[in-house]
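**Student:** Below is the file upload-v2.cif, which contains mmCIF, C-alpha atoms and all ligand atoms.
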data_coords
#
loop_
_atom_site.label_atom_id
_atom_site.label_comp_id
_atom_site.auth_asym_id
_atom_site.auth_seq_id
_atom_site.Cartn_x
_atom_site.Cartn_y
_atom_site.Cartn_z
CA MET D 1 0.00 0.00 0.00
CA LYS D 2 1.14 3.54 -0.82
CA LYS D 3 1.36 5.95 2.13
CA ILE D 4 2.26 9.65 1.97
CA PHE D 5 5.11 10.73 4.25
CA LEU D 6 6.15 14.13 2.90
CA ASN D 7 4.30 17.23 1.71
CA LEU D 8 6.49 19.79 -0.06
CA GLY D 9 3.57 22.06 -0.84
CA ARG D 10 2.63 23.96 -3.95
CA GLN D 11 5.35 23.57 -6.57
CA PRO D 12 5.86 24.67 -10.18
CA LEU D 13 7.53 22.47 -12.82
CA ALA D 14 11.17 22.45 -11.77
CA ASN D 15 12.55 23.44 -15.17
CA SER D 16 9.90 25.89 -16.36
CA TYR D 17 11.99 29.05 -16.20
CA LEU D 18 9.90 32.12 -17.00
CA PRO D 19 11.01 34.23 -20.00
CA ASN D 20 9.64 37.42 -18.39
CA LEU D 21 7.35 38.47 -15.56
CA SER D 22 4.41 39.69 -17.66
CA LYS D 23 0.93 39.04 -16.25
CA LYS D 24 0.21 36.58 -19.06
CA VAL D 25 3.32 34.49 -18.35
CA ILE D 26 2.70 34.49 -14.59
CA ASN D 27 -0.96 33.53 -15.01
CA GLN D 28 -0.02 30.59 -17.20
CA GLU D 29 2.46 29.15 -14.73
CA PHE D 30 1.55 25.56 -13.81
CA PHE D 31 1.52 24.46 -10.16
CA TYR D 32 0.76 21.15 -8.45
CA ASN D 33 0.95 19.83 -4.91
CA LEU D 34 4.14 17.84 -4.34
CA LYS D 35 3.53 14.90 -2.00
CA VAL D 36 5.79 11.88 -1.68
CA SER D 37 4.80 8.34 -0.71
CA PHE D 38 6.28 4.98 0.20
CA ASN D 39 4.90 1.66 -1.01
CA ASP D 40 5.47 -1.10 1.54
CA LYS D 41 4.87 -3.84 -1.07
CA ASN D 42 7.70 -3.01 -3.47
CA TYR D 43 9.61 -0.39 -1.40
CA LEU D 44 9.12 2.25 -4.07
CA VAL D 45 9.33 5.91 -3.04
CA SER D 46 7.45 8.10 -5.50
CA VAL D 47 5.76 11.41 -6.15
CA SER D 48 2.10 10.73 -5.29
CA ASN D 49 0.54 12.69 -8.12
CA PRO D 50 2.94 12.70 -11.09
CA VAL D 51 2.64 15.42 -13.70
CA ASN D 52 1.85 14.45 -17.31
CA PRO D 53 5.26 13.91 -19.05
CA LYS D 54 3.96 15.73 -22.14
CA LEU D 55 3.97 18.95 -20.08
CA GLN D 56 7.54 18.34 -18.96
CA TYR D 57 9.58 16.97 -21.86
CA THR D 58 8.88 19.58 -24.48
CA SER D 59 11.05 21.19 -27.14
CA ASN D 60 12.01 23.87 -24.58
CA TYR D 61 13.72 21.40 -22.28
CA ALA D 62 16.59 23.31 -20.66
CA HIS D 63 18.96 20.71 -19.23
CA ARG D 64 21.92 19.80 -21.46
CA ALA D 65 24.14 17.17 -19.90
CA SER D 66 27.16 18.11 -22.08
CA GLU D 67 27.43 21.52 -20.48
CA SER D 68 28.82 20.08 -17.28
CA PHE D 69 32.46 19.02 -17.21
CA THR D 70 31.71 16.57 -14.39
CA MET D 71 28.94 14.87 -16.39
CA ARG D 72 30.91 14.80 -19.66
CA THR D 73 33.76 13.07 -17.91
CA ALA D 74 31.49 10.65 -16.04
CA PHE D 75 29.67 9.54 -19.23
CA LYS D 76 32.91 9.09 -21.15
CA LYS D 77 34.26 6.91 -18.37
CA ILE D 78 31.18 4.69 -18.08
CA ALA D 79 30.86 4.36 -21.88
CA ARG D 80 34.43 3.05 -22.05
CA LYS D 81 33.85 0.67 -19.17
CA LEU D 82 30.62 -0.78 -20.59
CA LYS D 83 32.14 -1.18 -24.07
CA LYS D 84 35.01 -3.17 -22.64
CA GLN D 85 32.91 -5.23 -20.27
CA PHE D 86 29.99 -6.17 -22.55
CA ASN D 87 31.26 -5.61 -26.11
CA PRO D 88 27.75 -4.69 -27.33
CA ARG D 89 26.76 -5.07 -31.01
CA ILE D 90 23.79 -2.72 -30.59
CA VAL D 91 23.54 0.01 -27.95
CA LEU D 92 20.22 1.65 -27.13
CA GLU D 93 20.03 4.74 -24.97
CA ILE D 94 16.70 5.77 -23.45
CA GLY D 95 16.76 9.52 -22.77
CA SER D 96 19.86 10.40 -24.78
CA ASN D 97 19.70 14.14 -23.98
CA ASP D 98 22.27 15.92 -26.20
CA GLY D 99 24.26 12.76 -27.00
CA VAL D 100 26.79 13.06 -24.18
CA PHE D 101 26.87 9.24 -23.68
CA ILE D 102 26.28 7.87 -27.19
CA LYS D 103 28.96 10.02 -28.77
CA ASN D 104 31.48 7.65 -27.18
CA PHE D 105 30.26 4.76 -29.39
CA ASP D 106 30.55 3.81 -33.05
CA LYS D 107 27.57 5.57 -34.71
CA LYS D 108 26.57 2.41 -36.63
CA LYS D 109 25.86 0.63 -33.35
CA VAL D 110 23.80 3.29 -31.62
CA ILE D 111 20.05 3.88 -31.31
CA ALA D 112 18.96 6.94 -29.36
CA VAL D 113 15.53 7.72 -27.91
CA GLU D 114 14.86 11.27 -26.71
CA PRO D 115 11.37 12.82 -26.41
CA CYS D 116 12.56 16.46 -26.17
CA LYS D 117 12.73 17.52 -29.81
CA ASN D 118 15.31 20.27 -29.24
CA LEU D 119 17.68 17.63 -27.82
CA ALA D 120 16.84 14.89 -30.35
CA ASN D 121 17.66 17.40 -33.11
CA ILE D 122 21.21 17.69 -31.79
CA THR D 123 21.96 13.98 -32.32
CA LYS D 124 19.69 13.09 -35.25
CA ASN D 125 22.22 13.80 -38.02
CA ARG D 126 24.96 11.61 -36.57
CA PHE D 127 22.98 8.90 -34.78
CA GLN D 128 19.76 7.01 -35.43
CA THR D 129 17.53 9.07 -33.11
CA TYR D 130 13.85 8.63 -32.29
CA PRO D 131 12.28 11.89 -31.00
CA SER D 132 9.70 9.98 -28.96
CA PHE D 133 8.69 8.79 -25.52
CA TRP D 134 9.88 5.30 -24.63
CA ASP D 135 7.12 2.66 -24.75
CA THR D 136 6.31 -0.80 -26.15
CA LYS D 137 4.98 0.64 -29.40
CA LEU D 138 8.29 2.35 -30.08
CA ALA D 139 10.30 -0.69 -28.95
CA LYS D 140 8.41 -2.91 -31.42
CA LYS D 141 8.97 -0.40 -34.21
CA ILE D 142 12.71 -0.07 -33.56
CA PHE D 143 13.43 -3.77 -33.18
CA LYS D 144 11.19 -5.06 -35.95
CA GLU D 145 14.15 -5.46 -38.27
CA THR D 146 17.15 -4.60 -36.10
CA LYS D 147 18.96 -7.09 -33.86
CA LYS D 148 18.05 -6.63 -30.19
CA ALA D 149 20.26 -4.50 -27.97
CA ASP D 150 23.16 -6.01 -26.04
CA LEU D 151 23.38 -2.87 -23.99
CA ILE D 152 20.52 -0.60 -22.97
CA PHE D 153 21.69 2.45 -21.08
CA SER D 154 19.53 5.02 -19.36
CA ALA D 155 20.82 7.70 -17.01
CA ASN D 156 18.48 9.93 -15.02
CA THR D 157 15.53 8.88 -17.15
CA ILE D 158 13.79 5.73 -15.84
CA SER D 159 13.11 7.49 -12.53
CA HIS D 160 11.36 10.23 -14.56
CA ILE D 161 8.80 7.94 -16.22
CA PRO D 162 5.56 7.45 -14.24
CA ASN D 163 4.56 4.22 -16.02
CA LEU D 164 7.23 1.74 -14.92
CA LYS D 165 5.26 -1.27 -16.19
CA GLU D 166 5.26 0.03 -19.76
CA THR D 167 8.91 1.04 -19.46
CA PHE D 168 10.21 -2.35 -18.34
CA ARG D 169 7.89 -4.24 -20.68
CA ALA D 170 9.40 -2.28 -23.57
CA ILE D 171 12.92 -2.93 -22.24
CA ASN D 172 12.25 -6.64 -22.02
CA LEU D 173 11.16 -6.62 -25.68
CA SER D 174 14.35 -4.84 -26.73
CA LEU D 175 17.08 -6.60 -24.76
CA SER D 176 19.00 -9.50 -26.33
CA ASP D 177 19.31 -12.74 -24.34
CA ARG D 178 22.88 -11.90 -23.34
CA GLY D 179 22.03 -8.19 -23.06
CA VAL D 180 22.46 -5.93 -20.05
CA LEU D 181 20.34 -2.99 -18.99
CA VAL D 182 22.32 -0.35 -17.11
CA ILE D 183 20.40 2.42 -15.42
CA GLU D 184 21.56 5.17 -13.12
CA ASP D 185 19.49 7.51 -11.01
CA PRO D 186 19.85 9.48 -7.76
CA SER D 187 19.87 7.03 -4.90
CA LEU D 188 17.32 6.95 -2.14
CA SER D 189 19.91 6.11 0.51
CA SER D 190 21.83 9.31 -0.34
CA VAL D 191 18.62 11.34 -0.08
CA ILE D 192 17.86 9.89 3.34
CA LYS D 193 21.43 10.31 4.57
CA ASN D 194 21.85 13.86 3.19
CA ASN D 195 18.34 15.11 3.99
CA SER D 196 18.35 16.18 0.35
CA TYR D 197 14.60 16.53 0.00
CA ASP D 198 15.27 18.71 -3.05
CA GLN D 199 15.78 15.51 -5.05
CA PHE D 200 11.98 15.42 -5.05
CA TYR D 201 10.48 17.45 -7.88
CA ASP D 202 8.07 16.77 -10.72
CA GLU D 203 10.64 15.01 -12.91
CA HIS D 204 11.94 12.73 -10.17
CA VAL D 205 8.82 10.61 -10.01
CA TYR D 206 10.80 7.84 -8.28
CA LEU D 207 13.77 7.75 -5.96
CA PHE D 208 15.06 4.20 -6.40
CA SER D 209 16.89 1.84 -4.09
CA ALA D 210 18.44 -1.52 -4.96
CA LEU D 211 15.73 -3.06 -2.78
CA ALA D 212 12.97 -1.56 -4.92
CA ILE D 213 14.60 -2.15 -8.31
CA SER D 214 15.27 -5.82 -7.57
CA LYS D 215 11.58 -6.30 -6.75
CA ILE D 216 10.16 -4.35 -9.67
CA VAL D 217 12.19 -5.88 -12.51
CA GLU D 218 11.22 -9.41 -11.44
CA ASP D 219 7.75 -8.89 -12.92
CA PHE D 220 9.25 -8.31 -16.38
CA ASN D 221 11.41 -11.40 -16.77
CA LEU D 222 14.43 -9.37 -15.63
CA ARG D 223 16.90 -9.70 -12.77
CA LEU D 224 19.13 -7.21 -10.92
CA PHE D 225 22.62 -8.75 -10.65
CA HIS D 226 24.90 -5.87 -9.76
CA ALA D 227 24.77 -2.35 -8.36
CA GLU D 228 27.33 0.31 -7.58
CA ASN D 229 27.24 3.65 -5.80
CA ILE D 230 28.36 6.59 -7.92
CA GLU D 231 29.01 10.23 -7.07
CA THR D 232 26.95 12.02 -9.73
CA HIS D 233 23.92 14.13 -8.81
CA GLY D 234 24.87 14.18 -5.14
CA GLY D 235 24.87 10.37 -4.81
CA SER D 236 23.44 8.02 -7.40
CA MET D 237 23.23 4.28 -7.92
CA ARG D 238 24.02 2.36 -11.09
CA TYR D 239 22.00 -0.85 -11.56
CA TYR D 240 22.94 -3.76 -13.85
CA ILE D 241 19.99 -5.88 -14.95
CA CYS D 242 19.82 -8.94 -17.21
CA LYS D 243 17.18 -11.37 -18.44
CA LYS D 244 15.98 -13.69 -15.67
CA ASN D 245 17.70 -16.76 -17.16
CA SER D 246 20.90 -15.02 -18.21
CA PHE D 247 24.30 -16.25 -16.99
CA TYR D 248 25.16 -13.24 -14.79
CA LYS D 249 25.62 -14.05 -11.13
CA LYS D 250 24.54 -11.77 -8.28
CA THR D 251 27.66 -9.83 -7.24
CA LYS D 252 29.11 -9.33 -3.77
CA ASN D 253 28.69 -5.59 -4.17
CA LEU D 254 24.95 -5.94 -4.73
CA ILE D 255 24.62 -8.13 -1.63
CA LYS D 256 26.57 -5.50 0.33
CA ILE D 257 24.37 -2.65 -0.94
CA ILE D 258 21.12 -4.49 -0.15
CA LYS D 259 22.46 -5.18 3.33
CA SER D 260 23.34 -1.52 3.86
CA GLU D 261 19.89 -0.40 2.63
CA LYS D 262 18.26 -2.75 5.10
CA LYS D 263 20.52 -1.44 7.82
CA ILE D 264 19.19 2.10 7.35
CA LYS D 265 15.69 0.59 7.07
CA LEU D 266 14.77 1.72 3.58
CA HIS D 267 12.08 -0.96 3.67
CA LYS D 268 10.28 0.59 6.67
CA PHE D 269 7.77 3.43 6.69
CA THR D 270 9.14 4.81 9.99
CA THR D 271 12.39 5.77 8.20
CA TYR D 272 10.43 8.11 5.95
CA LYS D 273 8.37 9.58 8.77
CA LYS D 274 11.59 10.47 10.60
CA PHE D 275 13.02 11.90 7.37
CA SER D 276 10.01 14.19 6.97
CA ILE D 277 10.53 15.57 10.48
CA ARG D 278 14.16 16.36 9.59
CA VAL D 279 12.98 18.07 6.39
CA LYS D 280 10.67 20.38 8.33
CA LYS D 281 13.55 21.31 10.63
CA SER D 282 15.82 21.89 7.64
CA LYS D 283 13.29 24.39 6.26
CA LYS D 284 13.11 26.30 9.54
CA ASP D 285 16.88 26.44 9.93
CA LEU D 286 17.50 27.56 6.36
CA ILE D 287 15.01 30.41 6.62
CA LYS D 288 16.63 31.42 9.91
CA ILE D 289 20.05 31.72 8.21
CA PHE D 290 18.66 33.77 5.31
CA LYS D 291 16.77 36.13 7.59
CA PHE D 292 19.69 36.58 9.98
CA LEU D 293 22.12 37.46 7.18
CA ASN D 294 19.62 39.79 5.52
CA LYS D 295 19.13 41.65 8.77
CA LYS D 296 22.90 42.16 8.90
CA GLY D 297 22.70 43.72 5.41
CA LYS D 298 24.59 40.91 3.68
CA LYS D 299 24.20 40.31 -0.05
CA ILE D 300 23.00 36.77 -0.69
CA ILE D 301 22.68 35.13 -4.10
CA SER D 302 22.17 31.57 -5.26
CA TYR D 303 24.70 29.56 -7.27
CA GLY D 304 23.23 27.30 -9.97
CA ALA D 305 19.60 27.56 -11.14
CA THR D 306 19.02 23.88 -10.47
CA TYR D 307 15.78 21.94 -10.55
CA LYS D 308 16.59 20.95 -6.98
CA SER D 309 16.64 24.57 -5.86
CA THR D 310 13.15 25.03 -7.34
CA THR D 311 11.94 22.61 -4.65
CA VAL D 312 13.93 24.32 -1.90
CA PHE D 313 12.87 27.87 -2.81
CA ASN D 314 9.18 27.03 -3.20
CA TYR D 315 9.05 24.85 -0.09
CA CYS D 316 10.90 27.39 2.07
CA ASN D 317 9.39 30.44 0.36
CA VAL D 318 12.77 31.90 -0.60
CA ASN D 319 12.13 34.84 -2.93
CA THR D 320 13.71 38.14 -3.98
CA LYS D 321 13.18 39.50 -0.48
CA LEU D 322 15.86 37.06 0.66
CA LEU D 323 17.99 36.55 -2.48
CA HIS D 324 19.29 39.11 -4.99
CA TYR D 325 19.54 36.74 -7.97
CA VAL D 326 20.67 33.31 -9.14
CA THR D 327 23.75 32.75 -11.31
CA ASP D 328 23.94 29.94 -13.85
CA THR D 329 26.34 29.06 -16.64
CA THR D 330 23.58 27.65 -18.89
CA LEU D 331 22.93 30.16 -21.66
CA ASN D 332 19.23 29.37 -22.04
CA LYS D 333 18.56 29.87 -18.33
CA GLN D 334 20.21 33.32 -18.24
CA GLY D 335 17.83 36.28 -18.55
CA LYS D 336 14.95 34.13 -17.29
CA TYR D 337 13.29 33.80 -13.85
CA THR D 338 13.16 30.85 -11.48
CA PRO D 339 9.91 28.81 -11.43
CA GLY D 340 7.44 29.84 -8.73
CA MET D 341 9.62 32.31 -6.85
CA HIS D 342 10.54 34.41 -9.91
CA ILE D 343 14.13 35.22 -8.96
CA PRO D 344 16.19 36.61 -11.88
CA ILE D 345 18.87 34.34 -13.35
CA ILE D 346 22.07 35.94 -14.64
CA SER D 347 25.46 34.74 -15.85
CA PRO D 348 28.19 34.11 -13.25
CA ASN D 349 30.37 36.62 -15.13
CA LYS D 350 27.90 39.34 -14.22
CA GLY D 351 26.79 38.10 -10.82
CA MET D 352 29.56 36.20 -9.07
CA ASN D 353 32.00 38.82 -7.80
CA GLU D 354 33.32 40.49 -4.65
CA SER D 355 29.97 42.16 -3.95
CA VAL D 356 28.55 38.74 -3.00
CA ASP D 357 28.78 37.96 0.72
CA TYR D 358 26.97 34.61 0.63
CA ALA D 359 25.98 32.24 -2.18
CA PHE D 360 23.42 29.50 -1.61
CA LEU D 361 24.70 26.27 -3.18
CA GLY D 362 21.78 25.40 -5.44
CA ALA D 363 24.15 23.07 -7.29
CA TRP D 364 25.49 21.44 -4.11
CA ASN D 365 26.20 18.27 -6.07
CA PHE D 366 28.99 20.19 -7.86
CA LYS D 367 30.48 21.60 -4.66
CA LYS D 368 34.00 20.37 -5.46
CA GLU D 369 33.96 21.85 -8.98
CA ILE D 370 32.43 25.13 -7.75
CA PHE D 371 34.79 25.64 -4.79
CA ASN D 372 37.69 25.01 -7.10
CA LYS D 373 36.37 27.55 -9.62
CA GLU D 374 35.64 30.20 -6.97
CA LYS D 375 38.90 29.78 -5.03
CA LYS D 376 39.82 33.47 -5.37
CA LEU D 377 36.47 34.82 -4.16
CA ILE D 378 36.42 32.40 -1.24
CA LYS D 379 39.87 33.61 -0.25
CA LYS D 380 38.57 37.18 -0.32
CA GLY D 381 35.72 36.29 2.02
CA THR D 382 32.72 35.11 -0.02
CA LYS D 383 30.99 32.27 1.80
CA PHE D 384 28.49 29.65 0.78
CA ILE D 385 25.24 28.46 2.35
CA THR D 386 24.16 24.86 2.00
CA HIS D 387 21.17 22.90 3.28
CA VAL D 388 22.88 19.52 2.79
CA PRO D 389 23.05 17.56 5.03
CA TRP D 390 21.72 20.38 7.23
CA PRO D 391 21.57 24.19 6.78
CA LYS D 392 24.90 25.87 7.51
CA ILE D 393 27.46 28.38 6.25
CA ILE D 394 30.58 26.90 4.68
CA SER D 395 33.78 28.15 3.13
CA LYS D 396 35.54 24.87 2.46
P1 LIG D 401 22.12 19.84 -12.21
O1 LIG D 401 23.28 19.27 -11.54
O2 LIG D 401 21.64 19.19 -13.45
O3 LIG D 401 21.00 19.87 -11.12
P2 LIG D 401 19.41 19.72 -11.30
O4 LIG D 401 19.20 18.38 -11.88
O5 LIG D 401 18.91 19.88 -9.88
O6 LIG D 401 18.99 20.84 -12.18
O7 LIG D 401 22.33 21.38 -12.58
C1 LIG D 401 23.43 22.12 -12.24
C2 LIG D 401 23.18 23.56 -12.67
O8 LIG D 401 24.18 24.38 -12.08
C3 LIG D 401 23.25 23.80 -14.16
O9 LIG D 401 22.20 24.63 -14.57
C4 LIG D 401 24.57 24.48 -14.38
C5 LIG D 401 24.80 25.18 -13.06
N1 LIG D 401 26.21 25.34 -12.72
C6 LIG D 401 26.75 26.63 -12.66
O10 LIG D 401 26.04 27.62 -12.90
N2 LIG D 401 28.07 26.79 -12.35
C7 LIG D 401 28.87 25.72 -12.10
O11 LIG D 401 30.08 25.91 -11.82
C8 LIG D 401 28.32 24.40 -12.14
C9 LIG D 401 29.16 23.23 -11.84
C10 LIG D 401 26.98 24.27 -12.46
#
Let me see the structure of the file written as structure tokens.

**Tutor:**
Amino acid sequence: MKKIFLNLGRQPLANSYLPNLSKKVINQEFFYNLKVSFNDKNYLVSVSNPVNPKLQYTSNYAHRASESFTMRTAFKKIARKLKKQFNPRIVLEIGSNDGVFIKNFDKKKVIAVEPCKNLANITKNRFQTYPSFWDTKLAKKIFKETKKADLIFSANTISHIPNLKETFRAINLSLSDRGVLVIEDPSLSSVIKNNSYDQFYDEHVYLFSALAISKIVEDFNLRLFHAENIETHGGSMRYYICKKNSFYKKTKNLIKIIKSEKKIKLHKFTTYKKFSIRVKKSKKDLIKIFKFLNKKGKKIISYGATYKSTTVFNYCNVNTKLLHYVTDTTLNKQGKYTPGMHIPIISPNKGMNESVDYAFLGAWNFKKEIFNKEKKLIKKGTKFITHVPWPKIISK
């Protein structure tokens, strides 16, 4: 049974940056109530009332994975590893974004699926690209004449698709008998450990654990045989799944991970109730920091117009009374306004300078990269505010 444990209030779509603050644009802004539940049958943690994907994955989709050095490097590394390990004849990627993963493969071997047309357009000339949502109809169309895939890769996508049944059914149709499905998504254990409630937003319909994935795939003639913790997106998990009767053996690492998830009781509702109490406290403490610094006349901005910070700002009601602006390196976010709270977004060249006393780490998952980049300003006295794992001011 599904039981709600967290209510993050009225939220906009995390990536729907406003082009201007005209009445018309503001009136059209879409909001929904973000509640999160736990299912004690299959251990799935999910957004209770998912938004229709057609509203989310449009041709205005802002996120481009290639723009981040950390992500470019991570995808190159995993592509190399998977090529060596599985020697795939056909590689299918579900949610190929701007091609950051597939570009590491021979173009004759690659099939890309990406519903956001602006992103699919980037890869369509070099790679066989389907500008569509992933489902059984598409899987049947693709593999009608082509050999089935020996490797299906999907990063930060499966957790975005409300209909898991359709997703895994389509995967089962597309995977060769010796094939391996590799998916990676933010991990639930990291969210619980870091109190990173901002991993919940409209696109993150699910926050997976190895416990949940191993249960779910069983219904689709599939089997989880390996998992590994990875650093991306503030703590993610990579899952390796094969056909039920395939030769892959359950690895020691998977056994270890399942054991550690049971140890922190990811299979118990009480864990999530306790988490929601910590989230409420996190909100109170963060607002306290913002208000205290504002009273002292400090200039506070936010660093990185992330989807995650959409959740934080709307849940904690952080607006232009508390923050001057948000800086972001992404060109198509600059000049726009954050969803819900309508804080202006400008380029770091314009906004990240000595006038800034404090910068909220909206992109806390890139802390290492950011602190390295902003070494000089930090030396001169600029400090950062983070809410992970609890609200505090940091300078290293
Ligand atoms: P991302 O990690 O994808 O987080 P989310 O999924 O929550 O949106 O986004 C990181 C954002 O931070 C992206 O818009 C780029 C921005 N960013 C900067 O502005 N400066 C930086 O130095 C880094 C590393 C990221």

**Student:** As an MDAnalysis selection string, please: every protein or nucleic acid residue near ligand LIG 401 (chain D) (cut-off 6 Å, counting only C-alpha atoms and all ligand atoms).

**Tutor:** chainID D and resid 233 304:308 327:330 363 366 369:370

**Student:** Using only C-alpha atoms, please write the residues we just selected to a file, as a tab-separated table (two decimals), in the coordinates of the input.

**Tutor:**
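The resulting again_20.tsv:
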chain	number	residue	atom	x	y	z
D	233	HIS	CA	23.92	14.13	-8.81
D	304	GLY	CA	23.23	27.30	-9.97
D	305	ALA	CA	19.60	27.56	-11.14
D	306	THR	CA	19.02	23.88	-10.47
D	307	TYR	CA	15.78	21.94	-10.55
D	308	LYS	CA	16.59	20.95	-6.98
D	327	THR	CA	23.75	32.75	-11.31
D	328	ASP	CA	23.94	29.94	-13.85
D	329	THR	CA	26.34	29.06	-16.64
D	330	THR	CA	23.58	27.65	-18.89
D	363	ALA	CA	24.15	23.07	-7.29
D	366	PHE	CA	28.99	20.19	-7.86
D	369	GLU	CA	33.96	21.85	-8.98
D	370	ILE	CA	32.43	25.13	-7.75

**Student:** Segment 168-189 of chain D near segment 207-228 of chain D within 9 Å: what's each residue's closest atom pair and its distance in Å to one decimal, counting all atoms listed in the file, ordered by chain then ascending residue number, as JSON lines?

**Tutor:**
{"residue": "D:Phe168", "atom": "CA", "partner": "D:Phe220", "partner_atom": "CA", "distance": 6.3}
{"residue": "D:Arg169", "atom": "CA", "partner": "D:Phe220", "partner_atom": "CA", "distance": 6.1}
{"residue": "D:Ile171", "atom": "CA", "partner": "D:Phe220", "partner_atom": "CA", "distance": 8.8}
{"residue": "D:Asn172", "atom": "CA", "partner": "D:Phe220", "partner_atom": "CA", "distance": 6.6}
{"residue": "D:Asp185", "atom": "CA", "partner": "D:Phe208", "partner_atom": "CA", "distance": 7.2}
{"residue": "D:Pro186", "atom": "CA", "partner": "D:Leu207", "partner_atom": "CA", "distance": 6.6}
{"residue": "D:Ser187", "atom": "CA", "partner": "D:Phe208", "partner_atom": "CA", "distance": 5.8}
{"residue": "D:Leu188", "atom": "CA", "partner": "D:Leu207", "partner_atom": "CA", "distance": 5.3}
{"residue": "D:Ser189", "atom": "CA", "partner": "D:Ser209", "partner_atom": "CA", "distance": 7.0}

**Student:** Restricting the calculation to all atoms listed in the file, which member of D:Ser22, D:Asn332, D:Thr136, D:Thr338 is positioned closest to Ser302 of chain D?

**Tutor:**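 Closest to Ser302 of chain D, using all atoms listed in the file: D:Thr338.
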
**Student:** Can you measure atom CA of Ile345 of chain D to atom CA of Tyr325 of chain D for me? One decimal in Å is fine.

**Tutor:**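 Atom CA of Tyr325 of chain D lies 5.9 Å from atom CA of Ile345 of chain D.
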
**Student:** May I ask which of the residues D:Lys117, D:Lys284, D:Arg126, D:Lys298 is the closest one to Lys103 of chain D, counting only C-alpha atoms?

**Tutor:**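 Looking only at the distances to Lys103 of chain D, the closest residue turns out to be D:Arg126.
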
**Student:** Can you tell me how far atom CA of Asn52 of chain D sits from atom CA of Thr167 of chain D, in Å to one decimal?

**Tutor:**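 Atom CA of Asn52 of chain D sits 15.3 Å away from atom CA of Thr167 of chain D.
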
**Student:** Counting all atoms listed in the file, figure out which residue out of D:Asn372, D:Thr382, D:Asn60, D:Thr73 gets nearest to Ser355 of chain D.

**Tutor:** D:Thr382

**Student:** Could you tell me, as a list of chain:residue names, which residues have any atom at most 12 Å from (10.4, 6.3, -34.8), counting all atoms listed in the file?

**Tutor:**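 Selection result: D:Ile111, D:Ala112, D:Val113, D:Glu114, D:Pro115, D:Ala120, D:Lys124, D:Gln128, D:Thr129, D:Tyr130, D:Pro131, D:Ser132, D:Phe133, D:Trp134, D:Asp135, D:Thr136, D:Lys137, D:Leu138, D:Ala139, D:Lys140, D:Lys141, D:Ile142, D:Phe143, D:Lys144.
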
**Student:** Work out how far apart atom CA of Val51 of chain D and atom CA of Lys333 of chain D are and give it in Å to one decimal.

**Tutor:**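 Between atom CA of Val51 of chain D and atom CA of Lys333 of chain D the gap is 22.0 Å.
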
**Student:** Which polymer residues, protein or nucleic acid, are no farther than 7 Å from (6.0, 30.0, -10.4), counting only C-alpha atoms, as a PyMOL selection string?

**Tutor:** chain D and resi 12+26+29+339-342

**Student:** Applying 10 Å and only C-alpha atoms, which residues near Tyr32 of chain D remain after dropping the ones on its own chain fewer than 3 positions away? List them as a tab-separated table (two decimals) with C-alpha atoms, keeping the file's coordinate frame.

**Tutor:**
chain	number	residue	atom	x	y	z
D	9	GLY	CA	3.57	22.06	-0.84
D	10	ARG	CA	2.63	23.96	-3.95
D	11	GLN	CA	5.35	23.57	-6.57
D	12	PRO	CA	5.86	24.67	-10.18
D	13	LEU	CA	7.53	22.47	-12.82
D	35	LYS	CA	3.53	14.90	-2.00
D	49	ASN	CA	0.54	12.69	-8.12
D	50	PRO	CA	2.94	12.70	-11.09
D	51	VAL	CA	2.64	15.42	-13.70
D	202	ASP	CA	8.07	16.77	-10.72

**Student:** Counting all atoms listed in the file, which residue out of D:Ile378, D:Leu322, D:Ile161, D:Ile4 sits closest to Lys291 of chain D?

**Tutor:** D:Leu322

**Student:** Return the single residue from D:Arg72, D:Phe313, D:Thr146, D:Lys392 that is closest to Lys108 of chain D, with distances computed using all atoms listed in the file.

**Tutor:**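 Of D:Arg72, D:Phe313, D:Thr146, D:Lys392, the one nearest Lys108 of chain D is D:Thr146, counting all atoms listed in the file.
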
**Student:** Tell me which of D:Lys375, D:Ala359, D:Ser176, D:His324 sits closest to Ile394 of chain D, counting only C-alpha atoms.

**Tutor:**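 Of all the options, D:Ala359 lies closest to Ile394 of chain D.
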
**Student:** Which residues come within 9 Å of Asn104 of chain D, counting only C-alpha atoms, excluding same-chain residues fewer than 2 positions away, as a list in words?

**Tutor:**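 With the cut-off at 9 Å, the set is Phe75, Lys76, Ala79, Arg80, Gly99, Val100, Phe101, Ile102, Asp106 and Lys107 of chain D.
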
**Student:** Excluding same-chain residues fewer than 3 positions from Tyr197 of chain D, what lies within 8 Å of it counting all atoms listed in the file, as a PyMOL selection string?

**Tutor:** chain D and resi 191+200+279

**Student:** Keeping only C-alpha atoms, write the selected residues as a PDB file, in the frame of the given file.

**Tutor:**
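Result went into part04.pdb, see below:
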ATOM      1  CA  VAL D 191      18.620  11.340  -0.080  1.00  0.00           C
ATOM      2  CA  PHE D 200      11.980  15.420  -5.050  1.00  0.00           C
ATOM      3  CA  VAL D 279      12.980  18.070   6.390  1.00  0.00           C
TER       4      VAL D 279
END

**Student:** Need to verify the contact set: segment 87-98 of chain D, 9 Å, only C-alpha atoms, exclusion of same-chain residues closer than 5 positions in sequence. Can you return it as a ChimeraX atom specification?

**Tutor:** /D:63-66,82,105,108-116,118-123,129,133-134,146-158,174,179
